[in-house]
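A.B. asks: Take a look at the following structure, please.
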Amino acid sequence: RKVMGAKLRTRLVVAFIALTLLPTIVLFFFSINFITTSIEFWFDVPVEQALENSLLVGRSVYKHAEENNQFFMEKISYQIKTKKFLDSNNRSSLSHYIQVVQRAFNFHAVEIYNLNSERISFATAQGLEDEPLSVVSADNLQKDFESKKIISVFENINNGELIRTIGTVPFGVKHKDAEAFVVLNILIPSDLSENMASISRGFEEYQQIKLLKGPIQVTYYINLSIVALLVVFCAIWFGFYLAKTITIPIMELAEGTRRVAEGDLTVSIGAVADDEIGSLVDSFNKMTRDLRSSREQLELSARILSEQNVEIEERRRYMEIVLRNVSAGVITLRANGFVTTINKSAEKMLNLNSEDILNKSYKKLLPGQYVNLAMEVMEKLTSSLEDHVELPLKITIDGRPRSFMIHVNELKDDSGNHMGIVMVFDDLTDLEKAQRMIAWRGVARRIAHEVKNPLTPITLSAQRLKRKYSEKINEPIFEECTLMIIDHVDIIRNLVNEFSAFARFPTANPKPCELPPIIEESVALYKESYQNINFKVIISDKIPRINLDRQQIKQAMINLVDNAIVAIKNQGNIIITLTHDPILKMVRIEVADDGAGVSDEDKTRLFEPYISTKKAGMGLGLTIVSTIIADHNGMIRIQDNQPRGAKIVIELPANLVE
């Protein structure tokens, strides 16, 4: 009742129902009486008996033909069986026999089939040779003969209807006991077959109509009821239609206003009128079109902005991939000094975790002595015309001194405003180590050249003094001094030899070698001389042959064993282990002792020249070992041995196994 236009719509509908209901009821009852009288008249005519008698006459013709076929079938099957016409050598007799039978009994055709449903003999009436006769299907020949002695199949051809009677040889046996099948064909003329079909169809239609007498009456009643209801419904619809032309535009305007308020700008009112309501509808549609156009422009702008954001995001991901895969360390800072980006190389170089430093100020991350340096660099970039600064930096990370070359660049936007800085770290530790190695080799070469020449005259002079004046100067101090000169000259000569070996170290000449004998020979040199040391060699099975310089590897093992002996002070345990890792394709040599061990500070530079933990050492032994292993494309490192001592680990590639 609260819907706009409901009262007017109700009045119009009631008026049209009242105008159409009375004449519709009168016409409805008159039509029912007429239909009932007509249907009763249709079924009073006595045609049913005539149709039934005609059908019985036609069926008797077919039945008589089947009985004749059965009679002759039995005779024919008996003759075929007794005279053995089915034998392969009697096929001509079989053909002659069925031709005689066809002519004698006036069959349309006589056929003989074997058990494989193949027609082996055939005879047809004269004048009908051109009439095609299809082969009896295998399904019909394979039917069950237990309940019937014969089976009849009806087939329409050009001249009429063909009755094809199928029987077995011998006659009346089961299908599994049959030797062959006889098919007798009798042609029913086309005029007789067509009349029979027409009579049969007429009788069936009459029976169906008779059964549908009641339903037909009900159907007519229903149709009349539907027509009456349609008339009433048309009156109702017309009343609604008149109300619609008045109330629907107002209702659609109200609904459209509600949908626009909910954000649906696709509303378009289709009601058309030439009055003031039509003008109001047109104004409303124009308003929604304008609003929709504005929203589409906004959506287009938003989509373009979204695509630009996606493109920016793809560029950002690409830059992240590039930064993640470059070898140099990269760190970016915003203008306020907060870290925004750090790549994997920088994390590895500086031993940092990105989660711990991102979005944090560099002042809280750097040690105190580097904060001032960083502030000076940033001030230099922001306060001058320079936008690029390079400076070296030496810093200790996890107890290891590291050298870096830092490239600092200022980040500016398109307007030239300062946005932050980007720092690129190049790790120069290994480069400086190699440079020191080259420099020390040059120094060693000069020292060996300058010192080696005077050693021989000094030794000879001391020996001559001892021989010439030992009997004249009978004092212990003279003997002691000459021996001391000779001994220290030998010490200096050994040092010079080490300098020479380091300065002119030969390149490796690798050849396929067995590694276990080299290790055993190196250890055997010390076993007799150091009885207080427990030497233990552990070699795993299946150590492959690898390419190496036998003499250099042996020298490296001797240096390592010699260092281990010094570390345990000629008493303790030295364990040498040799293993093979087939997955990593390498062999691993471990030389472990239970001495005092090596401090973390010394570990970082232990393999550099002239770095030694011995009191009288020159620091060239492990440097030479490191050079030998590097020439063999291997790796060497030092670890703590458990529970005490140090362990040298050497890894040599085994992918060159022959």
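In the structure tokens, each chain is lettered A, B, ... as it comes, each chain's residues begin at 1, and ligands are numbered from 1 in order of appearance.
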What's around Leu578 of chain A at 6 Å? Count only C-alpha atoms, leave out sequence neighbours fewer than 6 positions away in its own chain, and write the answer as number ranges by chain.

C.D. replies: A: 539, 588-589

A.B. asks: Skip segment 176-178 of chain A itself and residues of its chain fewer than 2 positions away, then list as a list of chain:residue names all residues within 12 Å of it, counting only C-alpha atoms.

C.D. replies: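 Skipping anything fewer than 2 positions along the chain leaves A:Ser77, A:Lys81, A:Leu86, A:Tyr113, A:Asn114, A:Leu115, A:Asn116, A:Leu141, A:Gln142, A:Lys143, A:Asp144, A:Phe145, A:Glu146, A:Lys149, A:Gly167, A:Thr168, A:Val169, A:Pro170, A:Phe171, A:Gly172, A:Val173, A:Lys174, A:Ala180, A:Phe181, A:Val182.
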
A.B. asks: So that I have them on file, write out the residues from the current selection with N, CA and C atoms, as a PDB file, in the first residue's frame.

C.D. replies:
ATOM      1  N   SER A  77      14.853 -79.068 -45.339  1.00  0.00           N
ATOM      2  CA  SER A  77      15.928 -79.370 -44.390  1.00  0.00           C
ATOM      3  C   SER A  77      16.214 -80.860 -44.347  1.00  0.00           C
ATOM      4  N   LYS A  81      19.793 -82.563 -45.369  1.00  0.00           N
ATOM      5  CA  LYS A  81      20.517 -83.357 -44.376  1.00  0.00           C
ATOM      6  C   LYS A  81      20.772 -84.770 -44.875  1.00  0.00           C
ATOM      7  N   LEU A  86      25.356 -80.358 -47.875  1.00  0.00           N
ATOM      8  CA  LEU A  86      26.241 -79.367 -47.240  1.00  0.00           C
ATOM      9  C   LEU A  86      27.716 -79.711 -47.374  1.00  0.00           C
ATOM     10  N   TYR A 113      22.653 -70.529 -45.663  1.00  0.00           N
ATOM     11  CA  TYR A 113      23.728 -69.839 -44.929  1.00  0.00           C
ATOM     12  C   TYR A 113      24.481 -70.856 -44.083  1.00  0.00           C
ATOM     13  N   ASN A 114      25.794 -70.681 -43.970  1.00  0.00           N
ATOM     14  CA  ASN A 114      26.575 -71.547 -43.070  1.00  0.00           C
ATOM     15  C   ASN A 114      26.544 -70.964 -41.661  1.00  0.00           C
ATOM     16  N   LEU A 115      27.266 -71.609 -40.749  1.00  0.00           N
ATOM     17  CA  LEU A 115      27.247 -71.187 -39.345  1.00  0.00           C
ATOM     18  C   LEU A 115      27.949 -69.849 -39.140  1.00  0.00           C
ATOM     19  N   ASN A 116      28.743 -69.392 -40.104  1.00  0.00           N
ATOM     20  CA  ASN A 116      29.426 -68.100 -39.993  1.00  0.00           C
ATOM     21  C   ASN A 116      28.594 -66.973 -40.595  1.00  0.00           C
ATOM     22  N   LEU A 141      20.247 -64.588 -37.744  1.00  0.00           N
ATOM     23  CA  LEU A 141      20.636 -66.003 -37.829  1.00  0.00           C
ATOM     24  C   LEU A 141      21.054 -66.568 -36.484  1.00  0.00           C
ATOM     25  N   GLN A 142      21.494 -65.697 -35.581  1.00  0.00           N
ATOM     26  CA  GLN A 142      21.972 -66.165 -34.283  1.00  0.00           C
ATOM     27  C   GLN A 142      20.883 -66.171 -33.228  1.00  0.00           C
ATOM     28  N   LYS A 143      19.625 -65.915 -33.588  1.00  0.00           N
ATOM     29  CA  LYS A 143      18.544 -65.898 -32.606  1.00  0.00           C
ATOM     30  C   LYS A 143      18.285 -67.291 -32.051  1.00  0.00           C
ATOM     31  N   ASP A 144      17.590 -67.325 -30.913  1.00  0.00           N
ATOM     32  CA  ASP A 144      17.327 -68.588 -30.207  1.00  0.00           C
ATOM     33  C   ASP A 144      16.201 -69.346 -30.915  1.00  0.00           C
ATOM     34  N   PHE A 145      16.449 -70.621 -31.284  1.00  0.00           N
ATOM     35  CA  PHE A 145      15.454 -71.473 -31.942  1.00  0.00           C
ATOM     36  C   PHE A 145      14.814 -72.462 -30.974  1.00  0.00           C
ATOM     37  N   GLU A 146      15.030 -72.289 -29.652  1.00  0.00           N
ATOM     38  CA  GLU A 146      14.490 -73.254 -28.695  1.00  0.00           C
ATOM     39  C   GLU A 146      12.980 -73.132 -28.580  1.00  0.00           C
ATOM     40  N   LYS A 149      10.458 -73.210 -33.935  1.00  0.00           N
ATOM     41  CA  LYS A 149      11.213 -73.981 -34.912  1.00  0.00           C
ATOM     42  C   LYS A 149      11.659 -73.115 -36.073  1.00  0.00           C
ATOM     43  N   GLY A 167      15.055 -71.244 -40.884  1.00  0.00           N
ATOM     44  CA  GLY A 167      15.015 -72.530 -40.192  1.00  0.00           C
ATOM     45  C   GLY A 167      16.378 -73.179 -40.172  1.00  0.00           C
ATOM     46  N   THR A 168      16.540 -74.217 -39.373  1.00  0.00           N
ATOM     47  CA  THR A 168      17.836 -74.868 -39.196  1.00  0.00           C
ATOM     48  C   THR A 168      17.900 -76.168 -39.970  1.00  0.00           C
ATOM     49  N   VAL A 169      19.096 -76.611 -40.238  1.00  0.00           N
ATOM     50  CA  VAL A 169      19.375 -77.938 -40.801  1.00  0.00           C
ATOM     51  C   VAL A 169      20.245 -78.684 -39.795  1.00  0.00           C
ATOM     52  N   PRO A 170      19.722 -79.780 -39.215  1.00  0.00           N
ATOM     53  CA  PRO A 170      18.401 -80.424 -39.350  1.00  0.00           C
ATOM     54  C   PRO A 170      17.318 -79.487 -38.828  1.00  0.00           C
ATOM     55  N   PHE A 171      16.081 -79.752 -39.205  1.00  0.00           N
ATOM     56  CA  PHE A 171      14.960 -78.878 -38.876  1.00  0.00           C
ATOM     57  C   PHE A 171      14.596 -79.011 -37.397  1.00  0.00           C
ATOM     58  N   GLY A 172      14.326 -77.855 -36.771  1.00  0.00           N
ATOM     59  CA  GLY A 172      13.805 -77.826 -35.407  1.00  0.00           C
ATOM     60  C   GLY A 172      14.834 -78.055 -34.318  1.00  0.00           C
ATOM     61  N   VAL A 173      16.153 -78.074 -34.647  1.00  0.00           N
ATOM     62  CA  VAL A 173      17.160 -78.285 -33.600  1.00  0.00           C
ATOM     63  C   VAL A 173      17.536 -76.927 -33.002  1.00  0.00           C
ATOM     64  N   LYS A 174      18.266 -76.979 -31.878  1.00  0.00           N
ATOM     65  CA  LYS A 174      18.752 -75.762 -31.256  1.00  0.00           C
ATOM     66  C   LYS A 174      19.852 -75.126 -32.112  1.00  0.00           C
ATOM     67  N   ALA A 180      23.461 -75.693 -40.683  1.00  0.00           N
ATOM     68  CA  ALA A 180      23.293 -74.599 -41.643  1.00  0.00           C
ATOM     69  C   ALA A 180      21.922 -73.984 -41.414  1.00  0.00           C
ATOM     70  N   PHE A 181      21.627 -72.911 -42.158  1.00  0.00           N
ATOM     71  CA  PHE A 181      20.351 -72.217 -42.050  1.00  0.00           C
ATOM     72  C   PHE A 181      19.732 -72.104 -43.442  1.00  0.00           C
ATOM     73  N   VAL A 182      18.392 -72.365 -43.504  1.00  0.00           N
ATOM     74  CA  VAL A 182      17.624 -72.241 -44.749  1.00  0.00           C
ATOM     75  C   VAL A 182      16.713 -71.024 -44.603  1.00  0.00           C
TER      76      VAL A 182
END

A.B. asks: Expressed in Å to a single decimal, how great is the separation between atom CA of Ser95 of chain A and atom CA of Thr165 of chain A?

C.D. replies: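 One can read the atom CA of Ser95 of chain A to atom CA of Thr165 of chain A distance as 18.7 Å.
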
A.B. asks: Can you tell me how far atom CA of Met484 of chain A sits from atom CA of Ala462 of chain A, in Å to one decimal?

C.D. replies: 9.4 Å

A.B. asks: Would you pick out the contacts of Trp237 of chain A at 12 Å or less, using only C-alpha atoms, so that residues sharing its chain but fewer than 3 positions from it are not included, and give the list as a PDB file with N, CA and C atoms, in the first residue's frame?

C.D. replies:
ATOM      1  N   ARG A   9      -3.559   1.703  -9.501  1.00  0.00           N
ATOM      2  CA  ARG A   9      -3.427   0.432 -10.199  1.00  0.00           C
ATOM      3  C   ARG A   9      -4.513  -0.542  -9.762  1.00  0.00           C
ATOM      4  N   THR A  10      -4.830  -0.594  -8.497  1.00  0.00           N
ATOM      5  CA  THR A  10      -5.860  -1.508  -7.989  1.00  0.00           C
ATOM      6  C   THR A  10      -7.234  -1.160  -8.557  1.00  0.00           C
ATOM      7  N   LEU A  12      -8.043   0.360 -11.392  1.00  0.00           N
ATOM      8  CA  LEU A  12      -8.140   0.036 -12.813  1.00  0.00           C
ATOM      9  C   LEU A  12      -8.276  -1.466 -13.033  1.00  0.00           C
ATOM     10  N   VAL A  13      -7.559  -2.270 -12.288  1.00  0.00           N
ATOM     11  CA  VAL A  13      -7.621  -3.721 -12.448  1.00  0.00           C
ATOM     12  C   VAL A  13      -8.999  -4.250 -12.067  1.00  0.00           C
ATOM     13  N   VAL A  14      -9.558  -3.800 -10.958  1.00  0.00           N
ATOM     14  CA  VAL A  14     -10.882  -4.260 -10.520  1.00  0.00           C
ATOM     15  C   VAL A  14     -11.942  -3.892 -11.544  1.00  0.00           C
ATOM     16  N   ALA A  15     -11.862  -2.719 -12.138  1.00  0.00           N
ATOM     17  CA  ALA A  15     -12.851  -2.285 -13.129  1.00  0.00           C
ATOM     18  C   ALA A  15     -12.823  -3.181 -14.358  1.00  0.00           C
ATOM     19  N   PHE A  16     -11.656  -3.505 -14.854  1.00  0.00           N
ATOM     20  CA  PHE A  16     -11.575  -4.337 -16.061  1.00  0.00           C
ATOM     21  C   PHE A  16     -11.988  -5.778 -15.773  1.00  0.00           C
ATOM     22  N   ILE A  17     -11.748  -6.309 -14.593  1.00  0.00           N
ATOM     23  CA  ILE A  17     -12.206  -7.657 -14.238  1.00  0.00           C
ATOM     24  C   ILE A  17     -13.736  -7.709 -14.220  1.00  0.00           C
ATOM     25  N   LEU A 229      -9.577 -17.790 -18.550  1.00  0.00           N
ATOM     26  CA  LEU A 229      -8.607 -17.152 -17.651  1.00  0.00           C
ATOM     27  C   LEU A 229      -7.762 -16.126 -18.392  1.00  0.00           C
ATOM     28  N   LEU A 230      -7.417 -16.449 -19.672  1.00  0.00           N
ATOM     29  CA  LEU A 230      -6.638 -15.491 -20.451  1.00  0.00           C
ATOM     30  C   LEU A 230      -7.402 -14.187 -20.642  1.00  0.00           C
ATOM     31  N   VAL A 231      -8.715 -14.318 -20.870  1.00  0.00           N
ATOM     32  CA  VAL A 231      -9.517 -13.099 -21.026  1.00  0.00           C
ATOM     33  C   VAL A 231      -9.470 -12.267 -19.755  1.00  0.00           C
ATOM     34  N   VAL A 232      -9.602 -12.983 -18.603  1.00  0.00           N
ATOM     35  CA  VAL A 232      -9.546 -12.266 -17.327  1.00  0.00           C
ATOM     36  C   VAL A 232      -8.165 -11.652 -17.122  1.00  0.00           C
ATOM     37  N   PHE A 233      -7.142 -12.447 -17.443  1.00  0.00           N
ATOM     38  CA  PHE A 233      -5.778 -11.941 -17.253  1.00  0.00           C
ATOM     39  C   PHE A 233      -5.486 -10.771 -18.190  1.00  0.00           C
ATOM     40  N   CYS A 234      -6.049 -10.822 -19.406  1.00  0.00           N
ATOM     41  CA  CYS A 234      -5.846  -9.691 -20.319  1.00  0.00           C
ATOM     42  C   CYS A 234      -6.464  -8.415 -19.752  1.00  0.00           C
ATOM     43  N   PHE A 240      -3.223  -2.983 -15.525  1.00  0.00           N
ATOM     44  CA  PHE A 240      -1.858  -2.698 -15.073  1.00  0.00           C
ATOM     45  C   PHE A 240      -1.128  -1.806 -16.067  1.00  0.00           C
ATOM     46  N   TYR A 241      -1.364  -2.051 -17.366  1.00  0.00           N
ATOM     47  CA  TYR A 241      -0.662  -1.264 -18.380  1.00  0.00           C
ATOM     48  C   TYR A 241      -1.039   0.217 -18.293  1.00  0.00           C
ATOM     49  N   LEU A 242      -2.350   0.476 -18.113  1.00  0.00           N
ATOM     50  CA  LEU A 242      -2.761   1.876 -17.979  1.00  0.00           C
ATOM     51  C   LEU A 242      -2.140   2.521 -16.743  1.00  0.00           C
ATOM     52  N   ALA A 243      -2.102   1.721 -15.651  1.00  0.00           N
ATOM     53  CA  ALA A 243      -1.490   2.265 -14.432  1.00  0.00           C
ATOM     54  C   ALA A 243       0.014   2.463 -14.606  1.00  0.00           C
ATOM     55  N   LYS A 244       0.602   1.551 -15.419  1.00  0.00           N
ATOM     56  CA  LYS A 244       2.057   1.626 -15.617  1.00  0.00           C
ATOM     57  C   LYS A 244       2.461   2.912 -16.314  1.00  0.00           C
TER      58      LYS A 244
END

A.B. asks: Residues of segment 501-646 of chain A in strand (DSSP E or B) according to DSSP, as a PyMOL selection string?

C.D. replies: chain A and resi 511-513+533-539+546-548+572-581+586-593+635-640+646

A.B. asks: Next, write the just-selected residues to a file, as an mmCIF file, in the first residue's frame, keeping C-alpha atoms as the atom set.

C.D. replies:
data_model
loop_
_atom_site.group_PDB
_atom_site.id
_atom_site.type_symbol
_atom_site.label_atom_id
_atom_site.label_comp_id
_atom_site.auth_asym_id
_atom_site.auth_seq_id
_atom_site.Cartn_x
_atom_site.Cartn_y
_atom_site.Cartn_z
ATOM 1 C CA LYS A 511 101.060 -34.709 -13.296
ATOM 2 C CA PRO A 512 98.746 -37.582 -12.310
ATOM 3 C CA CYS A 513 100.003 -38.752 -8.903
ATOM 4 C CA ILE A 533 105.608 -37.265 19.138
ATOM 5 C CA ASN A 534 102.695 -39.543 18.237
ATOM 6 C CA PHE A 535 102.290 -39.299 14.451
ATOM 7 C CA LYS A 536 98.949 -40.673 13.197
ATOM 8 C CA VAL A 537 98.047 -40.845 9.502
ATOM 9 C CA ILE A 538 94.400 -41.578 8.582
ATOM 10 C CA ILE A 539 93.748 -42.210 4.879
ATOM 11 C CA ILE A 546 94.852 -36.219 -9.130
ATOM 12 C CA ASN A 547 97.059 -33.857 -11.112
ATOM 13 C CA LEU A 548 99.697 -32.264 -8.853
ATOM 14 C CA GLY A 572 102.366 -34.364 21.711
ATOM 15 C CA ASN A 573 100.115 -35.622 18.930
ATOM 16 C CA ILE A 574 100.032 -34.812 15.222
ATOM 17 C CA ILE A 575 97.139 -36.272 13.194
ATOM 18 C CA ILE A 576 97.127 -36.127 9.392
ATOM 19 C CA THR A 577 93.841 -37.056 7.705
ATOM 20 C CA LEU A 578 93.242 -37.597 3.976
ATOM 21 C CA THR A 579 89.655 -37.935 2.683
ATOM 22 C CA HIS A 580 87.790 -37.729 -0.625
ATOM 23 C CA ASP A 581 84.465 -35.962 -1.181
ATOM 24 C CA MET A 586 87.800 -32.693 -4.028
ATOM 25 C CA VAL A 587 90.325 -34.288 -1.677
ATOM 26 C CA ARG A 588 90.828 -32.833 1.786
ATOM 27 C CA ILE A 589 94.081 -32.903 3.810
ATOM 28 C CA GLU A 590 93.927 -31.998 7.503
ATOM 29 C CA VAL A 591 97.054 -31.510 9.655
ATOM 30 C CA ALA A 592 96.015 -31.192 13.311
ATOM 31 C CA ASP A 593 98.139 -30.750 16.454
ATOM 32 C CA MET A 635 92.253 -23.700 -0.863
ATOM 33 C CA ILE A 636 93.979 -23.575 2.509
ATOM 34 C CA ARG A 637 92.647 -22.319 5.832
ATOM 35 C CA ILE A 638 93.347 -22.669 9.534
ATOM 36 C CA GLN A 639 90.849 -23.782 12.171
ATOM 37 C CA ASP A 640 90.856 -24.497 15.876
ATOM 38 C CA ALA A 646 95.304 -25.842 15.523
#

A.B. asks: Out of A:Asn343, A:Val389, A:Ala328, A:Ser92, which residue has the shortest atom-to-atom distance to Phe404 of chain A when counting only C-alpha atoms?

C.D. replies: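 Counting only C-alpha atoms, the residue closest to Phe404 of chain A is A:Ala328.
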
A.B. asks: In Å, rounded to a single decimal, give me how far atom CA of Ile188 of chain A is from atom CA of Glu67 of chain A.

C.D. replies: 14.5 Å

A.B. asks: Near Met419 of chain A, counting only C-alpha atoms, which residues have an atom at most 12 Å away, once you skip same-chain residues fewer than 5 positions from it, shown as a PyMOL selection string?

C.D. replies: chain A and resi 332-338+340+378+381-382+409-414
